[in-house]
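A.B. asks: My questions all concern the structure below.
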Amino acid sequence: MQRHGNTFYTSFFFFLHILLTTSTAVASSAEAEALVRWKNSLSSPPAFLDSWAVTMTMSLCTWTGIRCNNGGFIFEIRLTGQNLNGTLDKLLFSSFPNLTSFNLSGNGLRGSITPGIGDLSGITFLDLNNNLLDQAIPPQIGYLTHLQYISFFNNNIPGEVPYQIGKLLKVQHLDFGSNFLETPDWSKFPSFPLLQHLSFYYNSLTLGFPALYENTLFGEIPFEIGLLTNLKSLLLYKNSFLGSIPQEIGNLRNLSFLDLGQNQFSDEIPPTISRLTNLQRLNLYFNFLNGTIPRAVGDLMFLEILDLSNSQLSGQVPESISSLRNLTKLSMFANKLSGILPQDLGSNSPRLTNVSFSNNSFSGELPPGLCIGFALDYFTANKNRFSGPLPEFLKN
């Protein structure tokens, strides 16, 4: 009886092994056939894809640009900067249920991002930047709910930004810059709780949504911007934003780069800016701000660049700015600033290379320690009321 039992189990596991091996082989064959079909649709398939052949299915995992998991299924397709010319029309995405990374950036692909892209339900990395894609983003993009990185930068993609991207709640990097995208209904877009990078650089958008630079955006920044707590860069420069810089900007405590330059912001710099303790660059140049430079700016101990030029600011420069040890650029030209500059300014900033005080109403002596680190290579102070002896660093 024992012998018959052992025979049964041996036969069962042998049959199971054959079944699994056959299933893997069938799946691998489907993946290989899909790749070969797409390769053959390209204009003059390049020689480096010669390994992509139905006669070489058994070596699929060694094909150029292909990586497989331990089960022998493709999890990555990566062909970057290879001058591929053609479309994605013949690529059957449903043949790759295990694909997590798809990168065809830097090629000459044209046409559409096909609706079949939505079949890549497990994908986390999708990069099609620097191609010639010229059809609208399909709404099926919203099916890719595991995406963490998506870039369609520098294509010719027209049409509205599909609101379905609002379903990509795991996305950390989203770049649709340098296309011909048009304004969607932003009210359909929820917060992206893990977002760290968002860019719609150079498009045809005309309504306000936070983190879009060099567009023609106008209106006020909504207070909901404070929900994007994982953002590291917020670039809104060269737009036409109005009104106050919202207090809620202080909730973005992971920011390292904040650029609100060349807009029409008014009112005071919000004191909540002191919460941005990881900030390295603060650009508020060319606005219509009023009031003084808040003392809280001196709490931004990692700050390297502070550009407040041409922003209608008044009053004195706070002493607290003298404590910014990492400062490399300090630009305050063309404001309505007055009084005596902090005499310790620069003394604690040995890396200071660029300083501009011109076109204000400063008086008294220039701070003697502005060049304490001997790094200063750009300095302007014209059109003020400075007096007293010329600092030694200017004599040298």
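So you can find residues: chains in the structure tokens are A, B, ... in the order shown, residues in each start at 1, and ligands are numbered from 1 in order.
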Find the residues near Leu195 of chain A: any atom within 10 Å, counting only C-alpha atoms, skip ones fewer than 2 places away on the same chain, and give them as a list in words.

C.D. replies: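 Counting only C-alpha atoms, the residues come to Gln148, Tyr149, Leu168, Leu169, Lys170, Val171, Gln172, His173, Leu174, Ser191, Phe192, Pro193, His197, Leu198, Leu228, Thr229, Asn230, Leu231, Lys232 and Ser233 of chain A.
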
A.B. asks: Considering only C-alpha atoms, return as JSON, numbers by chain whatever protein or nucleic-acid residues lie within 6 Å of segment 304-319 of chain A, sequence-local ones (same chain, fewer than 2 positions apart) excluded.

C.D. replies: {"A": [280, 281, 282, 283, 284, 285, 286, 287, 288, 289, 290, 291, 292, 295, 321, 322, 326, 327, 328, 329, 330, 331, 332, 333, 334, 335, 336, 337, 338, 339, 342]}

A.B. asks: Take atom CA of Leu99 of chain A and atom CA of Arg37 of chain A and report the distance between them in Å, one decimal.

C.D. replies: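 Between atom CA of Leu99 of chain A and atom CA of Arg37 of chain A the gap works out to 17.6 Å.
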
A.B. asks: I'd like to know which residues of segment 41-280 of chain A are strand (DSSP E) (by DSSP, run on the backbone); could you write them as a count of residues only?

C.D. replies: 51

A.B. asks: If you count only C-alpha atoms, which residues fall within 7 Å of Asp127 of chain A, apart from same-chain ones fewer than 3 positions away, as a list in words?

C.D. replies: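 That gives Phe102, Asn103, Leu104, Ser105, Ile150, Ser151 and Phe152 of chain A.
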
A.B. asks: Do you have the atom CA of Asn40 of chain A-atom CA of Pro115 of chain A distance handy?

C.D. replies: 20.6 Å

A.B. asks: Give me every helix (DSSP H, G or I) residue in segment 21-216 of chain A, going by DSSP on the backbone, as a ChimeraX atom specification.

C.D. replies: /A:21-41,47-49,54-62,93-95,115-119,139-143,163-167,186-188

A.B. asks: Quick one: everything within 7 Å of Leu144 of chain A, counting only C-alpha atoms, minus sequence neighbours fewer than 2 positions away in the same chain. Send it as a VMD selection string.

C.D. replies: chain A and resid 118 120 to 123 141 to 142 146 to 147 168

A.B. asks: Could you dump the residues just selected with N, CA and C atoms as a PDB file, in the first residue's frame?

C.D. replies:
ATOM      1  N   GLY A 118      -2.900  49.987 -20.973  1.00  0.00           N
ATOM      2  CA  GLY A 118      -3.623  49.740 -19.729  1.00  0.00           C
ATOM      3  C   GLY A 118      -3.558  48.303 -19.263  1.00  0.00           C
ATOM      4  N   LEU A 120      -0.865  46.707 -18.741  1.00  0.00           N
ATOM      5  CA  LEU A 120       0.344  46.532 -17.916  1.00  0.00           C
ATOM      6  C   LEU A 120       0.018  46.861 -16.457  1.00  0.00           C
ATOM      7  N   SER A 121      -0.855  46.064 -15.880  1.00  0.00           N
ATOM      8  CA  SER A 121      -1.421  46.403 -14.567  1.00  0.00           C
ATOM      9  C   SER A 121      -0.405  46.393 -13.433  1.00  0.00           C
ATOM     10  N   GLY A 122       0.735  45.725 -13.611  1.00  0.00           N
ATOM     11  CA  GLY A 122       1.728  45.667 -12.547  1.00  0.00           C
ATOM     12  C   GLY A 122       2.910  46.591 -12.744  1.00  0.00           C
ATOM     13  N   ILE A 123       2.882  47.410 -13.783  1.00  0.00           N
ATOM     14  CA  ILE A 123       4.047  48.235 -14.116  1.00  0.00           C
ATOM     15  C   ILE A 123       4.269  49.334 -13.074  1.00  0.00           C
ATOM     16  N   ILE A 141      -4.539  54.918 -19.210  1.00  0.00           N
ATOM     17  CA  ILE A 141      -3.366  55.146 -18.367  1.00  0.00           C
ATOM     18  C   ILE A 141      -3.740  55.039 -16.891  1.00  0.00           C
ATOM     19  N   GLY A 142      -5.004  55.293 -16.591  1.00  0.00           N
ATOM     20  CA  GLY A 142      -5.466  55.227 -15.212  1.00  0.00           C
ATOM     21  C   GLY A 142      -5.494  53.832 -14.624  1.00  0.00           C
ATOM     22  N   HIS A 146      -0.087  50.956 -10.097  1.00  0.00           N
ATOM     23  CA  HIS A 146       1.154  50.708  -9.348  1.00  0.00           C
ATOM     24  C   HIS A 146       2.300  51.607  -9.819  1.00  0.00           C
ATOM     25  N   LEU A 147       2.032  52.450 -10.795  1.00  0.00           N
ATOM     26  CA  LEU A 147       3.097  53.314 -11.325  1.00  0.00           C
ATOM     27  C   LEU A 147       3.698  54.205 -10.245  1.00  0.00           C
ATOM     28  N   LEU A 168      -3.436  57.412 -10.182  1.00  0.00           N
ATOM     29  CA  LEU A 168      -2.061  56.936  -9.969  1.00  0.00           C
ATOM     30  C   LEU A 168      -1.564  57.389  -8.594  1.00  0.00           C
TER      31      LEU A 168
END

A.B. asks: Neighbouring residues of Gln343 of chain A were defined as those with any atom within 9 Å, considering only C-alpha atoms; residues of the same chain fewer than 4 positions away were excluded. Please report them as a ChimeraX atom specification.

C.D. replies: /A:319,322,347,365-369

A.B. asks: Next, write the just-selected residues to a file, as an mmCIF file, in the first residue's frame, keeping N, CA, C and O atoms as the atom set.

C.D. replies:
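Generated output (result01.cif):
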data_model
loop_
_atom_site.group_PDB
_atom_site.id
_atom_site.type_symbol
_atom_site.label_atom_id
_atom_site.label_comp_id
_atom_site.auth_asym_id
_atom_site.auth_seq_id
_atom_site.Cartn_x
_atom_site.Cartn_y
_atom_site.Cartn_z
ATOM 1 N N GLU A 319 18.636 90.530 10.621
ATOM 2 C CA GLU A 319 19.924 90.017 11.093
ATOM 3 C C GLU A 319 20.029 88.505 10.921
ATOM 4 O O GLU A 319 21.108 87.957 10.735
ATOM 5 N N SER A 322 22.209 86.505 8.397
ATOM 6 C CA SER A 322 23.657 86.353 8.620
ATOM 7 C C SER A 322 24.026 84.954 9.090
ATOM 8 O O SER A 322 25.192 84.560 9.034
ATOM 9 N N SER A 347 29.800 86.807 6.992
ATOM 10 C CA SER A 347 30.841 86.314 7.898
ATOM 11 C C SER A 347 30.681 84.831 8.208
ATOM 12 O O SER A 347 31.667 84.140 8.497
ATOM 13 N N GLU A 365 27.674 101.399 6.248
ATOM 14 C CA GLU A 365 28.820 100.702 5.672
ATOM 15 C C GLU A 365 28.430 99.330 5.131
ATOM 16 O O GLU A 365 27.507 98.682 5.630
ATOM 17 N N LEU A 366 29.161 98.894 4.119
ATOM 18 C CA LEU A 366 28.997 97.528 3.614
ATOM 19 C C LEU A 366 29.549 96.534 4.632
ATOM 20 O O LEU A 366 30.553 96.805 5.292
ATOM 21 N N PRO A 367 28.931 95.370 4.778
ATOM 22 C CA PRO A 367 29.443 94.361 5.713
ATOM 23 C C PRO A 367 30.853 93.943 5.341
ATOM 24 O O PRO A 367 31.118 93.590 4.180
ATOM 25 N N PRO A 368 31.784 93.942 6.269
ATOM 26 C CA PRO A 368 33.182 93.639 5.942
ATOM 27 C C PRO A 368 33.440 92.172 5.635
ATOM 28 O O PRO A 368 34.464 91.836 5.037
ATOM 29 N N GLY A 369 32.513 91.276 6.043
ATOM 30 C CA GLY A 369 32.784 89.840 5.886
ATOM 31 C C GLY A 369 32.162 89.201 4.670
ATOM 32 O O GLY A 369 32.086 87.970 4.594
#

A.B. asks: Kindly indicate which residue among A:Phe189, A:Phe223, A:Tyr202, A:Phe73 lies nearest to Asn154 of chain A, using only C-alpha atoms for the distances.

C.D. replies: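 Of all the options, A:Tyr202 lies closest to Asn154 of chain A.
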
A.B. asks: Of the candidates A:Leu109, A:Ala296, A:Cys61, A:Leu84, which one gets nearest to Pro45 of chain A if we count only C-alpha atoms?

C.D. replies: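 Nearest candidate to Pro45 of chain A out of A:Leu109, A:Ala296, A:Cys61, A:Leu84: A:Leu84.
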
A.B. asks: When you draw a straight line from atom CA of Leu128 of chain A to atom CA of Gly166 of chain A, how long is it in Å?

C.D. replies: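 For atom CA of Leu128 of chain A relative to atom CA of Gly166 of chain A, the distance reads 19.3 Å.
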
A.B. asks: Would you mind listing what lies within 10 Å of Ser44 of chain A as a short mmCIF file (atom, residue, chain, number, x, y, z; two decimals) with C-alpha atoms, in the first residue's frame, with only C-alpha atoms counted and same-chain residues fewer than 5 positions away left out?

C.D. replies:
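Saved result, selection35.cif, follows:
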data_model
loop_
_atom_site.label_atom_id
_atom_site.label_comp_id
_atom_site.auth_asym_id
_atom_site.auth_seq_id
_atom_site.Cartn_x
_atom_site.Cartn_y
_atom_site.Cartn_z
CA LYS A 39 10.26 44.47 -34.12
CA LEU A 84 14.12 53.01 -33.04
CA ASN A 85 11.69 54.29 -35.68
CA GLY A 86 8.09 53.20 -35.89
#

A.B. asks: Might you pull out every residue within 6 Å of Asn131 of chain A, with only C-alpha atoms counted and same-chain residues fewer than 4 positions away left off, and present them as a ChimeraX atom specification?

C.D. replies: /A:106-109,155

A.B. asks: Identify which of the residues A:Thr277, A:Ser240, A:Asn254, A:Asn384 lies closest to Gly226 of chain A, counting only C-alpha atoms when measuring atom-to-atom distances.

C.D. replies: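 Among the listed residues, A:Asn254 lies closest to Gly226 of chain A.
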
A.B. asks: Using only C-alpha atoms, which of the listed residues (A:Phe379, A:Trp52, A:Phe125, A:Phe75) sits closest to Leu352 of chain A?

C.D. replies: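 Using only C-alpha atoms, Leu352 of chain A sits closest to A:Phe379.
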
A.B. asks: Pick the closest to Glu248 of chain A from A:Asp344, A:Glu268, A:Glu224, A:Glu160: which is it, counting only C-alpha atoms?

C.D. replies: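 Under the stated criterion, the closest residue is A:Glu224.
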